[in-house]
file final.tsv (TSV, C-alpha atoms)
chain	number	residue	atom	x	y	z
A	262	MET	CA	0.00	0.00	0.00
A	263	HIS	CA	1.32	3.44	-0.94
A	264	ALA	CA	1.93	5.76	2.02
A	265	SER	CA	-0.71	8.26	0.86
A	266	ASP	CA	-3.30	5.48	0.59
A	267	ARG	CA	-3.21	5.12	4.38
A	268	PHE	CA	-4.94	8.50	4.59
A	269	LEU	CA	-7.84	7.58	2.34
A	270	PRO	CA	-11.14	8.00	4.23
A	271	ARG	CA	-13.35	5.09	5.23
A	272	ASN	CA	-16.25	6.68	3.34
A	273	GLU	CA	-15.23	9.17	0.67
A	274	ALA	CA	-18.63	10.85	0.28
A	275	VAL	CA	-19.03	11.45	4.02
A	276	ALA	CA	-15.40	12.56	4.36
A	277	LYS	CA	-15.87	15.21	1.69
A	278	THR	CA	-18.80	16.70	3.62
A	279	VAL	CA	-17.02	16.55	7.00
A	280	LEU	CA	-13.88	18.13	5.55
A	281	PHE	CA	-15.83	20.91	3.88
A	282	VAL	CA	-17.97	21.70	6.94
A	283	LEU	CA	-15.01	21.82	9.34
A	284	THR	CA	-13.03	23.97	6.90
A	285	ALA	CA	-15.97	26.32	6.35
A	286	VAL	CA	-16.51	26.77	10.08
A	287	ALA	CA	-12.83	27.36	10.83
A	288	SER	CA	-12.33	29.69	7.87
A	289	GLY	CA	-15.53	31.60	8.51
A	290	VAL	CA	-14.85	32.16	12.20
A	291	THR	CA	-11.23	33.16	11.56
A	292	THR	CA	-12.21	35.61	8.81
A	293	LEU	CA	-14.98	37.11	10.95
A	294	PHE	CA	-12.76	37.73	13.96
A	295	THR	CA	-9.91	39.00	11.78
A	296	VAL	CA	-12.19	41.63	10.24
A	297	VAL	CA	-14.48	42.49	13.16
A	298	PHE	CA	-12.08	42.07	16.10
A	299	PRO	CA	-8.60	42.91	14.78
A	300	SER	CA	-5.67	41.41	16.71
A	301	ALA	CA	-2.02	42.42	16.80
A	302	GLN	CA	-1.72	41.71	13.08
A	303	THR	CA	-0.88	44.46	10.64
A	304	ARG	CA	-3.33	45.18	7.83
A	305	VAL	CA	-1.12	43.19	5.45
A	306	GLN	CA	-1.05	40.21	7.83
A	307	ALA	CA	-4.81	40.43	8.30
A	308	GLY	CA	-5.27	40.49	4.53
A	309	LEU	CA	-3.04	37.42	4.16
A	310	THR	CA	-5.02	35.66	6.90
A	311	VAL	CA	-8.30	36.29	5.09
A	312	ALA	CA	-6.75	35.22	1.78
A	313	ALA	CA	-5.42	32.02	3.35
A	314	CYS	CA	-8.85	31.21	4.80
A	315	LEU	CA	-10.55	31.77	1.46
A	316	GLY	CA	-7.87	29.71	-0.29
A	317	VAL	CA	-8.21	26.72	2.01
A	318	LEU	CA	-12.00	26.95	1.76
A	319	ALA	CA	-11.72	26.91	-2.05
A	320	LEU	CA	-9.50	23.83	-1.82
A	321	ALA	CA	-11.99	22.07	0.45
A	322	SER	CA	-14.76	22.94	-2.03
A	323	ALA	CA	-12.70	21.50	-4.88
A	324	ILE	CA	-12.20	18.26	-2.94
A	325	LYS	CA	-15.93	18.05	-2.23
A	326	LEU	CA	-16.84	18.58	-5.88
A	327	ALA	CA	-14.16	16.27	-7.31
A	328	SER	CA	-15.41	12.86	-8.40
A	329	ARG	CA	-12.27	11.11	-7.14
A	330	PRO	CA	-9.69	13.28	-5.31
A	331	ALA	CA	-6.08	12.11	-5.62
A	332	PRO	CA	-4.79	10.00	-2.69
A	333	TRP	CA	-1.96	12.45	-2.04
A	334	LEU	CA	-4.49	15.26	-1.61
A	335	TRP	CA	-6.33	13.35	1.11
A	336	ALA	CA	-2.98	12.84	2.86
A	337	ALA	CA	-1.67	16.38	2.43
A	338	TYR	CA	-4.78	18.37	3.31
A	339	PRO	CA	-5.03	17.68	7.09
A	340	PHE	CA	-1.30	18.30	7.62
A	341	ALA	CA	-1.48	21.49	5.54
A	342	ALA	CA	-4.44	22.60	7.69
A	343	VAL	CA	-2.43	22.00	10.89
A	344	ALA	CA	0.50	23.98	9.48
A	345	LEU	CA	-1.78	26.84	8.37
A	346	ILE	CA	-3.41	27.08	11.81
A	347	ALA	CA	0.02	27.27	13.44
A	348	VAL	CA	1.22	29.96	11.02
A	349	LEU	CA	-1.90	32.06	11.52
A	350	ASP	CA	-1.58	31.80	15.31
A	351	LEU	CA	2.08	32.82	15.17
A	352	THR	CA	1.52	35.77	12.82
A	353	SER	CA	-1.37	37.04	14.91
A	354	ARG	CA	0.63	36.28	18.09
A	355	ASP	CA	-2.47	34.60	19.50
A	356	ALA	CA	-2.04	31.56	21.76
A	357	SER	CA	-5.34	31.93	23.55
A	358	VAL	CA	-7.87	29.16	23.95
A	359	THR	CA	-9.87	30.58	21.03
A	360	ALA	CA	-6.81	30.16	18.82
A	361	GLN	CA	-5.69	26.74	20.09
A	362	VAL	CA	-9.17	25.25	19.71
A	363	PHE	CA	-8.75	25.18	15.92
A	364	PHE	CA	-6.16	22.39	16.29
A	365	PHE	CA	-9.10	20.17	17.19
A	366	PHE	CA	-10.55	20.42	13.69
A	367	PRO	CA	-7.98	18.26	11.82
A	368	ALA	CA	-8.02	15.77	14.71
A	369	LEU	CA	-11.82	15.56	14.68
A	370	TYR	CA	-11.80	14.94	10.94
A	371	ALA	CA	-9.16	12.22	11.35
A	372	GLY	CA	-10.97	10.46	14.19
A	373	ALA	CA	-14.30	10.54	12.37
A	374	GLN	CA	-13.13	9.52	8.90
A	375	LEU	CA	-9.65	7.98	8.87
A	376	ARG	CA	-8.13	4.74	10.08
A	377	ARG	CA	-5.98	4.30	13.16
A	378	HIS	CA	-2.49	5.03	11.83
A	379	ALA	CA	-3.60	8.15	9.98
A	380	THR	CA	-5.54	9.40	13.01
A	381	VAL	CA	-2.51	8.98	15.28
A	382	ALA	CA	-0.27	10.82	12.80
A	383	ILE	CA	-2.61	13.80	12.41
A	384	CYS	CA	-3.28	14.04	16.16
A	385	ALA	CA	0.47	14.00	16.84
A	386	ALA	CA	0.99	16.75	14.25
A	387	SER	CA	-1.75	18.85	15.87
A	388	VAL	CA	-0.26	18.47	19.37
A	389	VAL	CA	3.25	19.30	18.09
A	390	ALA	CA	1.97	22.38	16.25
A	391	ASP	CA	0.08	23.51	19.36
A	392	GLY	CA	3.28	23.10	21.34
A	393	VAL	CA	5.22	25.22	18.86
A	394	VAL	CA	2.64	28.02	19.09
A	395	SER	CA	2.33	27.85	22.87
A	396	PHE	CA	6.04	27.81	23.67
A	397	ALA	CA	6.72	30.56	21.12
A	398	LEU	CA	4.12	32.94	22.54
A	399	LEU	CA	3.57	31.97	26.19
A	400	PRO	CA	5.75	31.55	29.28
A	401	SER	CA	7.14	28.02	29.37
A	402	GLY	CA	5.11	27.00	32.45
A	403	THR	CA	1.84	28.22	31.00
A	404	ALA	CA	2.70	26.74	27.62
A	405	ALA	CA	3.40	23.31	29.12
A	406	ILE	CA	0.06	23.30	30.95
A	407	ASP	CA	-1.84	24.41	27.83
A	408	VAL	CA	-0.18	21.78	25.66
A	409	CYS	CA	-0.94	19.03	28.17
A	410	PHE	CA	-4.60	19.99	28.45
A	411	VAL	CA	-5.09	20.55	24.70
A	412	GLY	CA	-3.21	17.34	23.86
A	413	ALA	CA	-5.25	15.26	26.29
A	414	ALA	CA	-8.60	16.66	25.15
A	415	LEU	CA	-7.66	16.44	21.49
A	416	SER	CA	-6.41	12.85	21.77
A	417	ALA	CA	-9.43	11.70	23.78
A	418	SER	CA	-11.87	13.24	21.30
A	419	ALA	CA	-10.14	11.68	18.31
A	420	ALA	CA	-9.85	8.30	20.06
A	421	LEU	CA	-13.55	8.20	20.90
A	422	LEU	CA	-14.52	9.12	17.36
A	423	LEU	CA	-12.10	6.53	15.97
A	424	HIS	CA	-13.52	3.82	18.24
A	425	ALA	CA	-17.08	4.69	17.21
A	426	GLY	CA	-16.09	4.65	13.53
A	427	GLU	CA	-14.34	1.29	13.79
A	428	ARG	CA	-17.32	-0.16	15.63
A	429	THR	CA	-19.64	1.11	12.91
A	430	ASP	CA	-17.40	-0.40	10.22
A	431	GLN	CA	-17.52	-3.78	11.99
A	432	LEU	CA	-21.32	-3.68	12.21
A	433	ILE	CA	-21.62	-2.73	8.53
A	434	ALA	CA	-19.24	-5.53	7.53
A	435	LYS	CA	-21.26	-7.99	9.62
A	436	LEU	CA	-24.51	-6.89	7.97
A	437	GLU	CA	-22.93	-7.21	4.53
A	438	ARG	CA	-21.76	-10.74	5.34
A	439	GLN	CA	-25.21	-11.65	6.58
A	440	ALA	CA	-26.72	-10.27	3.39
A	441	ALA	CA	-24.24	-12.24	1.26
A	442	VAL	CA	-24.25	-15.63	3.02
A	443	ASP	CA	-27.18	-17.95	3.70
A	444	PRO	CA	-27.13	-18.67	7.46
A	445	LEU	CA	-28.29	-22.30	7.14
A	446	THR	CA	-26.03	-23.64	4.40
A	447	GLY	CA	-23.18	-21.13	4.24
A	448	LEU	CA	-23.83	-20.70	0.52
A	449	LEU	CA	-24.06	-17.29	-1.12
A	450	THR	CA	-27.43	-15.56	-1.37
A	451	ARG	CA	-29.54	-14.70	-4.42
A	452	ARG	CA	-28.30	-11.11	-4.15
A	453	VAL	CA	-24.69	-12.18	-4.77
A	454	LEU	CA	-25.75	-14.47	-7.62
A	455	ASP	CA	-27.67	-11.66	-9.32
A	456	SER	CA	-24.61	-9.44	-9.10
A	457	ALA	CA	-22.41	-12.16	-10.64
A	458	VAL	CA	-24.89	-12.71	-13.48
A	459	SER	CA	-24.99	-8.95	-14.11
A	460	SER	CA	-21.19	-8.95	-14.37
A	461	ALA	CA	-21.38	-11.75	-16.91
A	462	LEU	CA	-23.97	-9.83	-18.91
A	463	SER	CA	-21.85	-6.68	-18.87
A	464	GLY	CA	-19.02	-8.48	-20.61
A	465	ALA	CA	-16.98	-9.49	-17.58
A	466	ALA	CA	-17.40	-13.21	-18.36
A	467	HIS	CA	-14.61	-15.33	-19.79
A	468	ASP	CA	-14.47	-17.04	-23.16
A	469	GLY	CA	-16.99	-19.81	-23.56
A	470	GLY	CA	-19.86	-17.91	-22.06
A	471	THR	CA	-21.47	-18.42	-18.66
A	472	ALA	CA	-23.65	-21.32	-17.56
A	473	LEU	CA	-26.29	-21.45	-14.85
A	474	LEU	CA	-27.19	-24.73	-13.16
A	475	LEU	CA	-30.49	-24.64	-11.28
A	476	MET	CA	-31.20	-27.67	-9.09
A	477	ASP	CA	-33.37	-28.87	-6.27
A	478	VAL	CA	-33.65	-31.99	-4.12
A	479	ASP	CA	-36.05	-34.57	-5.47
A	480	ARG	CA	-39.01	-35.21	-3.17
A	481	PHE	CA	-37.59	-32.91	-0.52
A	482	LYS	CA	-41.07	-32.49	0.99
A	483	THR	CA	-41.13	-36.22	1.69
A	484	ILE	CA	-37.88	-35.94	3.64
A	485	ASN	CA	-39.40	-33.18	5.76
A	486	ASP	CA	-42.67	-35.10	6.24
A	487	VAL	CA	-41.03	-38.41	7.21
A	488	HIS	CA	-37.99	-37.23	9.13
A	489	GLY	CA	-38.91	-33.69	10.15
A	490	HIS	CA	-37.62	-30.27	9.15
A	491	PRO	CA	-34.39	-30.55	11.22
A	492	ALA	CA	-33.43	-33.56	9.09
A	493	GLY	CA	-34.31	-31.60	5.94
A	494	ASP	CA	-32.07	-28.76	7.09
A	495	ALA	CA	-29.27	-31.27	7.74
A	496	VAL	CA	-29.63	-32.59	4.18
A	497	LEU	CA	-29.31	-29.06	2.78
A	498	GLN	CA	-26.25	-28.36	4.92
A	499	GLU	CA	-24.54	-31.57	3.83
A	500	LEU	CA	-25.50	-31.01	0.20
A	501	ALA	CA	-23.97	-27.53	0.37
A	502	GLN	CA	-20.69	-29.03	1.58
A	503	VAL	CA	-20.69	-31.53	-1.30
A	504	LEU	CA	-21.25	-28.75	-3.84
A	505	LEU	CA	-18.60	-26.50	-2.30
A	506	ARG	CA	-16.04	-29.32	-2.46
A	507	MET	CA	-16.70	-29.64	-6.19
A	508	HIS	CA	-16.78	-25.98	-7.16
A	509	ARG	CA	-14.02	-24.28	-9.14
A	510	ARG	CA	-12.39	-20.99	-8.37
A	511	GLY	CA	-14.77	-18.30	-9.62
A	512	ASP	CA	-17.93	-20.41	-9.42
A	513	VAL	CA	-20.85	-18.93	-7.48
A	514	VAL	CA	-22.83	-21.46	-5.43
A	515	SER	CA	-26.04	-19.90	-4.15
A	516	ARG	CA	-29.12	-20.97	-2.24
A	517	MET	CA	-32.12	-19.52	-4.01
A	518	GLY	CA	-34.59	-20.50	-1.31
A	519	GLY	CA	-36.01	-23.70	0.16
A	520	ASP	CA	-34.17	-26.64	-1.41
A	521	GLU	CA	-33.39	-24.81	-4.66
A	522	ILE	CA	-29.70	-24.16	-5.33
A	523	ALA	CA	-28.05	-22.40	-8.26
A	524	ILE	CA	-24.46	-22.60	-9.48
A	525	LEU	CA	-23.09	-19.96	-11.85
A	526	LEU	CA	-20.17	-21.18	-13.97
A	527	PRO	CA	-18.25	-18.31	-15.59
A	528	GLY	CA	-16.07	-19.22	-18.55
A	529	CYS	CA	-17.99	-22.42	-19.15
A	530	SER	CA	-19.39	-23.69	-22.45
A	531	LEU	CA	-22.76	-25.41	-22.67
A	532	GLN	CA	-21.10	-28.78	-23.22
A	533	ALA	CA	-18.81	-28.32	-20.21
A	534	ALA	CA	-21.80	-27.24	-18.10
A	535	GLN	CA	-23.63	-30.44	-19.00
A	536	HIS	CA	-20.59	-32.46	-17.98
A	537	ARG	CA	-20.35	-30.59	-14.67
A	538	ALA	CA	-24.03	-31.18	-14.00
A	539	GLU	CA	-23.64	-34.92	-14.60
A	540	GLN	CA	-20.67	-34.99	-12.21
A	541	ILE	CA	-22.73	-33.26	-9.51
A	542	LEU	CA	-25.61	-35.63	-10.11
A	543	LEU	CA	-23.36	-38.68	-9.68
A	544	GLU	CA	-21.55	-37.28	-6.65
A	545	VAL	CA	-24.79	-36.54	-4.80
A	546	ARG	CA	-26.38	-39.85	-5.82
A	547	THR	CA	-23.45	-41.84	-4.37
A	548	HIS	CA	-23.16	-39.72	-1.24
A	549	THR	CA	-24.70	-41.01	1.99
A	550	PHE	CA	-26.63	-38.38	3.93
A	551	ASP	CA	-26.64	-39.27	7.61
A	552	VAL	CA	-29.52	-37.48	9.34
A	553	SER	CA	-30.08	-39.94	12.18
A	554	ALA	CA	-29.17	-37.30	14.76
A	555	HIS	CA	-31.88	-35.00	13.41
A	556	SER	CA	-34.61	-37.37	12.25
A	557	LEU	CA	-37.95	-37.43	14.01
A	558	ALA	CA	-38.97	-40.71	12.32
A	559	ALA	CA	-40.10	-43.54	14.54
A	560	ASP	CA	-37.43	-45.82	13.04
A	561	ARG	CA	-34.21	-43.86	13.51
A	562	GLN	CA	-32.18	-46.55	11.73
A	563	THR	CA	-34.12	-45.82	8.53
A	564	ALA	CA	-32.71	-42.31	8.55
A	565	THR	CA	-29.08	-43.33	8.96
A	566	ASP	CA	-28.45	-43.99	5.26
A	567	LEU	CA	-30.59	-41.47	3.43
A	568	ASN	CA	-30.16	-41.37	-0.34
A	569	VAL	CA	-30.79	-38.09	-2.14
A	570	SER	CA	-31.08	-37.26	-5.83
A	571	LEU	CA	-31.17	-33.98	-7.68
A	572	SER	CA	-32.90	-32.63	-10.75
A	573	ILE	CA	-30.77	-30.08	-12.62
A	574	GLY	CA	-31.72	-27.58	-15.30
A	575	ILE	CA	-29.13	-25.78	-17.43
A	576	ALA	CA	-29.17	-22.38	-19.10
A	577	HIS	CA	-26.28	-20.73	-20.92
A	578	LEU	CA	-25.22	-17.23	-21.88
A	579	PRO	CA	-25.38	-16.39	-24.76
A	580	THR	CA	-26.73	-19.69	-26.13
A	581	HIS	CA	-30.12	-19.55	-24.42
A	582	ALA	CA	-30.52	-15.99	-23.14
A	583	GLU	CA	-29.12	-12.49	-23.27
A	584	ASP	CA	-30.47	-11.01	-20.04
A	585	LEU	CA	-30.79	-12.02	-16.40
A	586	ARG	CA	-34.53	-12.64	-16.44
A	587	ALA	CA	-34.37	-14.86	-19.52
A	588	LEU	CA	-31.44	-16.81	-18.09
A	589	TYR	CA	-33.33	-17.65	-14.90
A	590	ALA	CA	-36.49	-18.46	-16.85
A	591	THR	CA	-34.61	-20.81	-19.16
A	592	ALA	CA	-32.88	-22.57	-16.27
A	593	ASP	CA	-36.20	-22.93	-14.46
A	594	ALA	CA	-37.86	-24.38	-17.57
A	595	SER	CA	-34.96	-26.82	-17.95
A	596	LEU	CA	-35.34	-27.87	-14.31
A	597	TYR	CA	-39.05	-28.47	-14.87
A	598	GLU	CA	-38.17	-30.60	-17.90
A	599	ALA	CA	-35.75	-32.69	-15.80
A	600	LYS	CA	-38.55	-33.37	-13.33
A	601	LYS	CA	-40.92	-34.33	-16.15
A	602	ARG	CA	-38.38	-36.91	-17.30
A	603	GLY	CA	-38.61	-38.65	-13.94
A	604	ARG	CA	-36.27	-36.62	-11.73
A	605	GLY	CA	-32.65	-37.46	-10.95
A	606	CYS	CA	-31.43	-36.22	-14.32
A	607	VAL	CA	-30.06	-33.21	-16.19
A	608	ALA	CA	-31.96	-31.19	-18.79
A	609	ALA	CA	-30.87	-28.26	-20.95
A	610	ALA	CA	-32.99	-26.04	-23.14
A	611	PRO	CA	-32.51	-26.31	-26.91
A	612	ARG	CA	-30.38	-23.64	-28.50
A	613	ALA	CA	-32.24	-20.38	-28.98

call {"tool": "encode", "arguments": {"input": "final.tsv", "output": "structure tokens"}}
result
Amino acid sequence: MHASDRFLPRNEAVAKTVLFVLTAVASGVTTLFTVVFPSAQTRVQAGLTVAACLGVLALASAIKLASRPAPWLWAAYPFAAVALIAVLDLTSRDASVTAQVFFFFPALYAGAQLRRHATVAICAASVVADGVVSFALLPSGTAAIDVCFVGAALSASAALLLHAGERTDQLIAKLERQAAVDPLTGLLTRRVLDSAVSSALSGAAHDGGTALLLMDVDRFKTINDVHGHPAGDAVLQELAQVLLRMHRRGDVVSRMGGDEIAILLPGCSLQAAQHRAEQILLEVRTHTFDVSAHSLAADRQTATDLNVSLSIGIAHLPTHAEDLRALYATADASLYEAKKRGRGCVAAAPRA
């Protein structure tokens, strides 16, 4: 990772707004007090202060309006803001609380929007700059006290914001995982499958096209009726493990709902998809599903060696369809055809 990339915000859109608002407040307040309540600055220094405030506000506006600001700009801006605050305090010879409070702004931005290393770096720069201003303009004893208090308050504020941001990121990541993974089987959800199909349709697929295998467990209702729903869930969990052991890198294995499972095969011809479907059919047919620990049947021994078969329908891009809806419809029609043939077999639609 490039050094400047460490200062990229967690959420660029929110960071743009936070950066602009903090800059607008700091620049507006500084300009107002420079004009309305003149300090020890000369008229030239006051003019430069106002110009600097307007300049940094223009830069913050440019960052907010830019579609993708450069990584180095995200890294340079908070440090440049710290340096500018220090210069303005020194030229106005103002080390009061009203002047030192502006060092909080870069630290607040860092704690709210950046990751840990970047936050620590910007907070350290703010404390060092505050120390330079304080020791240059105040007696050493007073300066030391001010720096300690400002440093402690600044660090605590940034740390609390950072902790809250990291906690929020963890919760968002957890929600995204829950939305992407089926909790029963560990397979991906329909949402992820739709996204993968959309990528294939947009031209991201490999040579050979993209195949969709749509399958369900034959007479799954009978399994639930005879052995109970816990046994049915156990069958789905074990079936998912069988399918995951057989999948290639790049395949998307998804639970559509109930006992229906779909497998997207990027870079797979229709003939290769048919071969894969036959392999899955054979592997599941020869696999023993042990649901004795979950079965509610009166004869538990009957449930020990449960045989399962699948019906599989095949659809292929671009052979059978050219959009997501048509691909699913074709696969579903092929699955229905496999069931009409007596279940436990593979069916593919004729070429469009």

call {"tool": "residues_around", "arguments": {"input": "final.tsv", "residues": "segment 577-589 of chain A", "least_positions_apart": "6", "cutoff": "10 Å", "atoms": "only C-alpha atoms", "output": "short mmCIF file (atom, residue, chain, number, x, y, z; two decimals) with C-alpha atoms, in the coordinates of the input"}}
result
data_model
loop_
_atom_site.label_atom_id
_atom_site.label_comp_id
_atom_site.auth_asym_id
_atom_site.auth_seq_id
_atom_site.Cartn_x
_atom_site.Cartn_y
_atom_site.Cartn_z
CA ASP A 455 -27.67 -11.66 -9.32
CA SER A 456 -24.61 -9.44 -9.10
CA VAL A 458 -24.89 -12.71 -13.48
CA SER A 459 -24.99 -8.95 -14.11
CA ALA A 461 -21.38 -11.75 -16.91
CA LEU A 462 -23.97 -9.83 -18.91
CA SER A 463 -21.85 -6.68 -18.87
CA ALA A 466 -17.40 -13.21 -18.36
CA GLY A 469 -16.99 -19.81 -23.56
CA GLY A 470 -19.86 -17.91 -22.06
CA THR A 471 -21.47 -18.42 -18.66
CA ALA A 472 -23.65 -21.32 -17.56
CA LEU A 473 -26.29 -21.45 -14.85
CA LEU A 474 -27.19 -24.73 -13.16
CA LEU A 475 -30.49 -24.64 -11.28
CA ALA A 523 -28.05 -22.40 -8.26
CA LEU A 525 -23.09 -19.96 -11.85
CA LEU A 526 -20.17 -21.18 -13.97
CA PRO A 527 -18.25 -18.31 -15.59
CA GLY A 528 -16.07 -19.22 -18.55
CA CYS A 529 -17.99 -22.42 -19.15
CA SER A 530 -19.39 -23.69 -22.45
CA LEU A 531 -22.76 -25.41 -22.67
CA GLN A 532 -21.10 -28.78 -23.22
CA ALA A 534 -21.80 -27.24 -18.10
CA SER A 595 -34.96 -26.82 -17.95
CA ALA A 609 -30.87 -28.26 -20.95
CA ALA A 610 -32.99 -26.04 -23.14
CA PRO A 611 -32.51 -26.31 -26.91
CA ARG A 612 -30.38 -23.64 -28.50
CA ALA A 613 -32.24 -20.38 -28.98
#

call {"tool": "atom_distance", "arguments": {"input": "final.tsv", "atom1": "atom CA of Gln439 of chain A", "atom2": "atom CA of Ala495 of chain A"}}
result
20.1 Å

call {"tool": "closest_residue", "arguments": {"input": "final.tsv", "among": "A:Val607, A:Gly493, A:Leu500, A:Phe340", "to": "Arg537 of chain A", "atoms": "all atoms listed in the file"}}
result
A:Val607

call {"tool": "atom_distance", "arguments": {"input": "final.tsv", "atom1": "atom CA of Val393 of chain A", "atom2": "atom CA of Val408 of chain A"}}
result
9.3 Å

call {"tool": "closest_residue", "arguments": {"input": "final.tsv", "among": "A:Asp593, A:Thr483, A:Ala276, A:Asp391", "to": "Ile406 of chain A", "atoms": "all atoms listed in the file"}}
result
A:Asp391

call {"tool": "closest_residue", "arguments": {"input": "final.tsv", "among": "A:Leu505, A:Leu449, A:Val394, A:Ala382", "to": "Ile346 of chain A", "atoms": "all atoms listed in the file"}}
result
A:Val394

call {"tool": "residues_near_point", "arguments": {"input": "final.tsv", "point": "(-12.3, 36.4, 11.4)", "cutoff": "12 Å", "atoms": "only C-alpha atoms", "output": "PyMOL selection string"}}
result
chain A and resi 285-300+302+307-315+349+353+359-360

call {"tool": "atom_distance", "arguments": {"input": "final.tsv", "atom1": "atom CA of Ala341 of chain A", "atom2": "atom CA of Gly316 of chain A"}}
result
11.9 Å

call {"tool": "residues_around", "arguments": {"input": "final.tsv", "residues": "Ile383 of chain A", "least_positions_apart": "5", "cutoff": "8 Å", "atoms": "all atoms listed in the file", "output": "PDB file with C-alpha atoms, in the coordinates of the input"}}
result
ATOM      1  CA  PRO A 339      -5.030  17.680   7.090  1.00  0.00           C
ATOM      2  CA  PHE A 340      -1.300  18.300   7.620  1.00  0.00           C
ATOM      3  CA  PRO A 367      -7.980  18.260  11.820  1.00  0.00           C
ATOM      4  CA  ALA A 368      -8.020  15.770  14.710  1.00  0.00           C
ATOM      5  CA  ALA A 371      -9.160  12.220  11.350  1.00  0.00           C
TER       6      ALA A 371
END

call {"tool": "closest_residue", "arguments": {"input": "final.tsv", "among": "A:Asp512, A:Asp551, A:Glu521, A:Glu273", "to": "Glu499 of chain A", "atoms": "all atoms listed in the file"}}
result
A:Asp551

call {"tool": "residues_around", "arguments": {"input": "final.tsv", "residues": "Ser395 of chain A", "least_positions_apart": "6", "cutoff": "12 Å", "atoms": "all atoms listed in the file", "output": "list in words"}}
result
Ala347, Asp350, Leu351, Arg354, Asp355, Ala356, Ser357, Val358, Ala360, Gln361, Val388, Val389, Ser401, Gly402, Thr403, Ala404, Ala405, Ile406, Asp407, Val408, Cys409, Phe410, Val411 and Gly412 of chain A

call {"tool": "closest_residue", "arguments": {"input": "final.tsv", "among": "A:Ala319, A:Val381, A:Ala414, A:Val343", "to": "Phe268 of chain A", "atoms": "only C-alpha atoms"}}
result
A:Val381
